[in-house]
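K.L.:
First the structure, then my questions, so here it is.
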Amino acid sequence: MRMSKLVGRRIKETPRDATTPSHIYLIRGGYVRPVSAGIYSLLPLGKRIVSKIEAIIREEMDAIQGQEVLMPVVLPSELWEESGRFESVGDELLRFKDRNDKQMLLGMTHEEAVVQLARTELNSYKQLPAMMYQIQTKYRDEARPRAGLIRVREFTMKDAYSFHESQECLEEYYSDCHEAYVRIFNRLGFREVLSIKSDAGMMGGNVAHEFMAIADCGEDTIFVNEDGSYKANREIAKSSLAYETDSPHIELEKKYTPDLKSIEEVTSFLNAKPENSAKAVFYKSGDDVVFAVIRGDFELNEIKLKNLLGVNEIEFATDEDITAIGSVPGFASLKDITLNNVKIVMDPSARYSPNLIVGANEADYHFVNFNFERDLSKEIQDATIIADIVNARAGDPDPEFGKPLILKKGIEVGNIFQLGTKYSGAMNAIFLDQNGKSNPMIMGCYGIGVGRSMAAIVEQCHDDWGPVWPISIAPYQLQINALNLNKTGVKEVAENLYKAFLTEGIEVLYDDRNEKAGFQFKDADLIGIPYRIIVSPKTIAENQVEFKKRDGSVKEMLSISEVVTKLSTQIKEELKKA
RNA sequence: CGGGGUAUAGCGCAGUCUGGCUAGCGCGGCUGCUUUGGGAGCAGUAGGUCGCAGGUUCGAAUCCUGCUACCCCGACCA
């Protein structure tokens with residue numbers, strides 16, 4: 001390709017709206033252009049990258065017996081009514097009516113569509129296992145798109161769905177797919193992608209993993225220990241603290257704490273630390289008040305609490321709710337509450353830490369030296385569920401190896417779920433087993449965000465001048481810069497090299513504009529092509545060209561006669577490895 | 001959905017508080033000449049519904065009212 005004709009200009013100044021490196025460089029480098037909030041067009045350079053990402057994904061999906069299909073973006077609502085998601089999914093599902101007033105929607109994921117295919121095409125155990133995948137546009141009406149291509153409304157996603165006759169078969173395939181994902185992210189050139197066990201969320205099902213590209217602008221927090229032997233996301237990460245269970249129980253005492261409600265106020269007034277206190281957090285779940293108790297230095301994790309209670313929604317309780325169970329807002333204590341319509345959940349941090357400061361269930365008073373087993377009635381102790389409901393914290397020991405936890409930010413570039421029969425059951429996707437009996441197919445689903453991967457790779461692979469594309473997905477493999485095109489010989493040499501590399505099958509971007517060196521180099525840095533050669537009067541005087549790698553690892557002179565063979569071979573070898 | 005911000009040439013911005021001639025600057029575009037190893041110089045030239053709609057005024061980019069779009073923080077998020 002000749003730069004003089006390449007569509008998509010480079011921009012010298014940082015666009016006002018762009019804040020993260022991937023957003024800035026993808027705009028400045030002429031890869032993508034915004035169209036509306038969270039909706040982008042791909043320019044030629046961006047499209048080439050995306051196509052290469054897709055090609056790698058296809059190879060690996062095919063390698064695990066995936067069969068590519070293509071399902072519609074626009075779907076009738078009935079399908080989603082069958083699964084129940086037309087009701088259960090919120091406003092991120094874009095619903096609209098066609099001219100016949102028929103309710104339609106834009107697919108944000110394709111479980112329903114693929115199950116519709118599976119239930120007509122797959123009827124017998126002899127056809128299983130089977131996996132269908134597609135690379136297709138999805139639409140999610142995100143409340144707040146952000147960070148360029150990281151969180152968008154319209155995006156391309158590879159989504160795959162597998163069908164099995166048994167849980168064992170699903171688990172085996174799931175593990176194959178996990179391995180395929182590891183290969184994909186390696187081949188795409190990511191520096192660091194962690195696979196993390198995750199909460200299944202709205203997809204339903206049991207086992208799930210998220211593939212997190214580590215990056216400062218990531219929206220998700222990941223907890224890992226120093227050597228990576230423990231890793232978990234915020235929803236499931238735990239820390240294991242040792243509690244001083246042997247400490248002697250000091251006498252319970254009631255203290256006057258006028259108008260002091262927050263942990264901060266109470267503990268500093270009593271000259272204690274937050275970890276010497278317990279705090280109560282009240283929620284309403286259905287008719288029940290949830291009385292959650294955690295140690296004062298922790299934060300409550302609502303997702304853990306919701307999972308524990310087996311509910312999708314909880315809301316904060318009102319003062320009236322709290323009063324109704326015999327407690328006092330701001331000075332709440334488990335002591336002396338009524339047990340009607342109350343669920344008590346206590347985090348181990350509060351349960352096992354001795355001599356805590358807690359509310360006295362009386363305005364303006366707190367207890368000090370509260371101890372669970374000594375100071376609560378048998379009924380209340382028995383009614384208390386002891387469970388992990390707090391956020392893990394940096395520096396706390398991990399629950400498996402006791403090593404300090406480190407927090408990292410990640411971008412979710414892929415995820416895999418063992419769905420089970422959630423969709424096949426609801427939508428009657430059954431098969432006949434060897435005994436002629438009908439069973440719902442057991443499903444798995446597997447996603448990768450294509451555009452998000454491109455952005456996440458920029459987050460991991462860039463310097464102060466622009467992206468440094470891995471060769472496997474670079475828009476071109478080699479760039480030729482010709483300096484002083486009007487000086488004798490430069491143009492001829494550059495043109496000849498351009499054609500020779502093309503003949504070798506190398507993808508070349510040739511800067512054939514008569515621009516100054518600095519101008520060309522800055523542009524080249526923004527385009528981030530891994531191999532670069534520079535032809536100028538100086539170099540051709542020695543029958544040479546300069547060869548540079550974008551990552552700065554190589555800078556050397558090569559003779560014009562050998563450069564084509566040498567670099568073509570090298571590029572092909574590198575591509576083979578990826 | 002809550003909080004904050006922005007909207008003036010393709011891009012980045014000034015001008016708005018305190019209304020006043022023909023709305024400016026830098027980059028980019030086009031023409032010509034010079035220049036040529038890290039975003040060149042000179043000269044010329046094109047490019048604007050000042051986000052939209054009302055209102056106040058002799059006069060509105062500027063003041064008032066309503067609306068829209070986009071960005072940031074949070075909530076939410078297969």
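Simple scheme: letters A, B, ... for chains in structure tokens order, numbers from 1 for residues in each chain, numbers from 1 for ligands in the order shown.
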Once you count only C-alpha atoms (C1' of nucleotides), which residues of chain A turn out to be within 10 Å of chain B? Could you give them as a ChimeraX atom specification?
P.N.:
/A:9,11-19,36-37,89-90,92,108-111,140,142-144,146-147,151,200-204,415,417,445,447,483-487,514-523,534,536,538
K.L.:
Check the DSSP output for the backbone and give back, as a ChimeraX atom specification, the residues of range 241-393 of chain A in strand (DSSP E).
P.N.:
/A:253-256,278-285,288-295,315-316,342-346,356-362,365-370,384-386
K.L.:
Keeping only C-alpha atoms, write those residues as an mmCIF file, in the first residue's frame.
P.N.:
```cif
data_model
loop_
_atom_site.group_PDB
_atom_site.id
_atom_site.type_symbol
_atom_site.label_atom_id
_atom_site.label_comp_id
_atom_site.auth_asym_id
_atom_site.auth_seq_id
_atom_site.Cartn_x
_atom_site.Cartn_y
_atom_site.Cartn_z
ATOM 1 C CA GLU A 253 -18.829 -2.382 78.824
ATOM 2 C CA LYS A 254 -21.336 0.176 77.614
ATOM 3 C CA LYS A 255 -19.900 3.534 76.566
ATOM 4 C CA TYR A 256 -21.596 6.863 75.979
ATOM 5 C CA ALA A 278 -17.786 -4.331 63.855
ATOM 6 C CA LYS A 279 -20.208 -2.536 61.630
ATOM 7 C CA ALA A 280 -23.732 -3.433 60.704
ATOM 8 C CA VAL A 281 -25.076 -2.966 57.193
ATOM 9 C CA PHE A 282 -28.799 -3.388 56.564
ATOM 10 C CA TYR A 283 -30.458 -4.506 53.364
ATOM 11 C CA LYS A 284 -33.978 -5.384 52.389
ATOM 12 C CA SER A 285 -34.505 -8.562 50.402
ATOM 13 C CA ASP A 288 -36.689 -9.894 55.053
ATOM 14 C CA VAL A 289 -34.319 -7.442 56.573
ATOM 15 C CA VAL A 290 -30.749 -8.570 56.069
ATOM 16 C CA PHE A 291 -28.578 -7.716 59.037
ATOM 17 C CA ALA A 292 -25.022 -8.009 57.754
ATOM 18 C CA VAL A 293 -22.123 -7.646 60.139
ATOM 19 C CA ILE A 294 -18.533 -7.133 59.065
ATOM 20 C CA ARG A 295 -15.448 -5.959 60.868
ATOM 21 C CA GLU A 315 -31.570 -2.743 48.394
ATOM 22 C CA PHE A 316 -30.539 -0.730 51.405
ATOM 23 C CA VAL A 342 -34.477 -11.177 59.739
ATOM 24 C CA LYS A 343 -31.571 -12.840 58.106
ATOM 25 C CA ILE A 344 -28.319 -12.389 59.947
ATOM 26 C CA VAL A 345 -25.102 -12.757 58.007
ATOM 27 C CA MET A 346 -21.780 -12.297 59.694
ATOM 28 C CA LEU A 356 -15.015 -5.581 69.381
ATOM 29 C CA ILE A 357 -16.746 -2.260 69.576
ATOM 30 C CA VAL A 358 -20.360 -2.694 68.452
ATOM 31 C CA GLY A 359 -23.569 -0.728 68.679
ATOM 32 C CA ALA A 360 -25.507 -1.051 71.919
ATOM 33 C CA ASN A 361 -28.925 -0.998 70.284
ATOM 34 C CA GLU A 362 -29.547 2.210 72.170
ATOM 35 C CA TYR A 365 -24.288 4.114 73.209
ATOM 36 C CA HIS A 366 -21.814 1.474 72.019
ATOM 37 C CA PHE A 367 -20.529 -1.671 73.638
ATOM 38 C CA VAL A 368 -16.825 -2.316 73.875
ATOM 39 C CA ASN A 369 -15.298 -5.791 74.166
ATOM 40 C CA PHE A 370 -18.149 -7.577 72.474
ATOM 41 C CA THR A 384 -26.461 -16.318 62.224
ATOM 42 C CA ILE A 385 -24.977 -17.387 58.922
ATOM 43 C CA ILE A 386 -21.213 -17.100 59.037
#
```
K.L.:
List the spatial neighbours of Gln67 in chain A as a list in words - criterion: any atom at most 7 Å away, only C-alpha atoms (C1' of nucleotides), same-chain residues fewer than 5 positions off excluded.
P.N.:
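Residues near the query, excluding close chain neighbours: Asp62, Met131, Met132 and Tyr133 of chain A.
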K.L.:
Convert the current residue selection to file output with all heavy atoms, as a PDB file, in the first residue's frame.
P.N.:
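Generated output (out.pdb):
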```pdb
ATOM      1  N   ASP A  62     -11.689 -23.480  14.833  1.00  0.00           N
ATOM      2  CA  ASP A  62     -11.781 -24.628  13.934  1.00  0.00           C
ATOM      3  C   ASP A  62     -10.982 -25.802  14.490  1.00  0.00           C
ATOM      4  O   ASP A  62     -11.370 -26.962  14.343  1.00  0.00           O
ATOM      5  CB  ASP A  62     -11.276 -24.256  12.533  1.00  0.00           C
ATOM      6  CG  ASP A  62     -12.223 -23.285  11.830  1.00  0.00           C
ATOM      7  OD1 ASP A  62     -13.366 -23.123  12.306  1.00  0.00           O
ATOM      8  OD2 ASP A  62     -11.818 -22.674  10.816  1.00  0.00           O
ATOM      9  N   MET A 131     -20.092 -27.881  18.311  1.00  0.00           N
ATOM     10  CA  MET A 131     -19.867 -26.476  18.675  1.00  0.00           C
ATOM     11  C   MET A 131     -20.092 -25.604  17.451  1.00  0.00           C
ATOM     12  O   MET A 131     -19.607 -25.897  16.371  1.00  0.00           O
ATOM     13  CB  MET A 131     -18.449 -26.282  19.215  1.00  0.00           C
ATOM     14  CG  MET A 131     -18.203 -24.881  19.769  1.00  0.00           C
ATOM     15  SD  MET A 131     -17.583 -23.691  18.570  1.00  0.00           S
ATOM     16  CE  MET A 131     -15.841 -23.686  19.007  1.00  0.00           C
ATOM     17  N   MET A 132     -20.874 -24.543  17.643  1.00  0.00           N
ATOM     18  CA  MET A 132     -21.080 -23.536  16.595  1.00  0.00           C
ATOM     19  C   MET A 132     -20.525 -22.215  17.095  1.00  0.00           C
ATOM     20  O   MET A 132     -20.681 -21.882  18.272  1.00  0.00           O
ATOM     21  CB  MET A 132     -22.575 -23.383  16.291  1.00  0.00           C
ATOM     22  CG  MET A 132     -23.176 -24.550  15.544  1.00  0.00           C
ATOM     23  SD  MET A 132     -24.928 -24.239  15.210  1.00  0.00           S
ATOM     24  CE  MET A 132     -25.684 -25.098  16.576  1.00  0.00           C
ATOM     25  N   TYR A 133     -19.885 -21.501  16.193  1.00  0.00           N
ATOM     26  CA  TYR A 133     -19.423 -20.165  16.594  1.00  0.00           C
ATOM     27  C   TYR A 133     -19.670 -19.197  15.458  1.00  0.00           C
ATOM     28  O   TYR A 133     -19.900 -19.592  14.309  1.00  0.00           O
ATOM     29  CB  TYR A 133     -17.942 -20.189  16.979  1.00  0.00           C
ATOM     30  CG  TYR A 133     -16.969 -20.285  15.813  1.00  0.00           C
ATOM     31  CD1 TYR A 133     -16.408 -19.135  15.255  1.00  0.00           C
ATOM     32  CD2 TYR A 133     -16.619 -21.521  15.278  1.00  0.00           C
ATOM     33  CE1 TYR A 133     -15.502 -19.220  14.200  1.00  0.00           C
ATOM     34  CE2 TYR A 133     -15.721 -21.613  14.218  1.00  0.00           C
ATOM     35  CZ  TYR A 133     -15.169 -20.462  13.679  1.00  0.00           C
ATOM     36  OH  TYR A 133     -14.290 -20.544  12.631  1.00  0.00           O
TER      37      TYR A 133
END
```
K.L.:
Looking only at the backbone, which of the residues in range 11-63 of chain A does DSSP tag as helix (DSSP H, G or I), as a PyMOL selection string?
P.N.:
chain A and resi 21-28+44-63
K.L.:
Between B:U45, B:A14, B:G20, B:A7, single out the one closest to G32 in chain B, counting only C-alpha atoms (C1' of nucleotides).
P.N.:
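Distance minimum relative to G32 in chain B lands on B:U45.
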K.L.:
To one decimal place in Å, what is the distance between CA of Ser4 in chain A and CA of Ala500 in chain A?
P.N.:
19.3 Å
K.L.:
Which residue out of A:Thr503, A:Met427, A:Gln570, A:Lys437 has the minimum interatomic distance to Thr120 in chain A when only C-alpha atoms are used?
P.N.:
A:Met427
K.L.:
Env of G55 in chain B: 12 Å cut, atoms = only C-alpha atoms (C1' of nucleotides), seq-sep filter 6 positions within chain, self excluded. Answer as number ranges by chain.
P.N.:
B: 63-66
K.L.:
Give me, as an MDAnalysis selection string, all polymer residues having an atom no more than 7 Å from Thr338 in chain A, counting only C-alpha atoms (C1' of nucleotides) and skipping those fewer than 2 positions away in the same chain.
P.N.:
chainID A and resid 325:326 336 340
K.L.:
Go ahead and dump the residues you just picked, N, CA and C atoms, as a short mmCIF file (atom, residue, chain, number, x, y, z; two decimals), in the first residue's frame.
P.N.:
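The new file out01.cif reads:
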```
data_model
loop_
_atom_site.label_atom_id
_atom_site.label_comp_id
_atom_site.auth_asym_id
_atom_site.auth_seq_id
_atom_site.Cartn_x
_atom_site.Cartn_y
_atom_site.Cartn_z
N ILE A 325 -37.12 -4.34 63.40
CA ILE A 325 -36.57 -5.59 63.95
C ILE A 325 -35.95 -5.36 65.32
N GLY A 326 -36.25 -4.23 65.90
CA GLY A 326 -35.79 -3.97 67.26
C GLY A 326 -34.36 -3.46 67.34
N ASP A 336 -30.25 -8.52 71.40
CA ASP A 336 -31.63 -8.12 71.69
C ASP A 336 -32.46 -7.76 70.46
N ASN A 340 -37.83 -12.11 63.86
CA ASN A 340 -38.84 -12.26 62.82
C ASN A 340 -38.42 -11.54 61.55
#
```
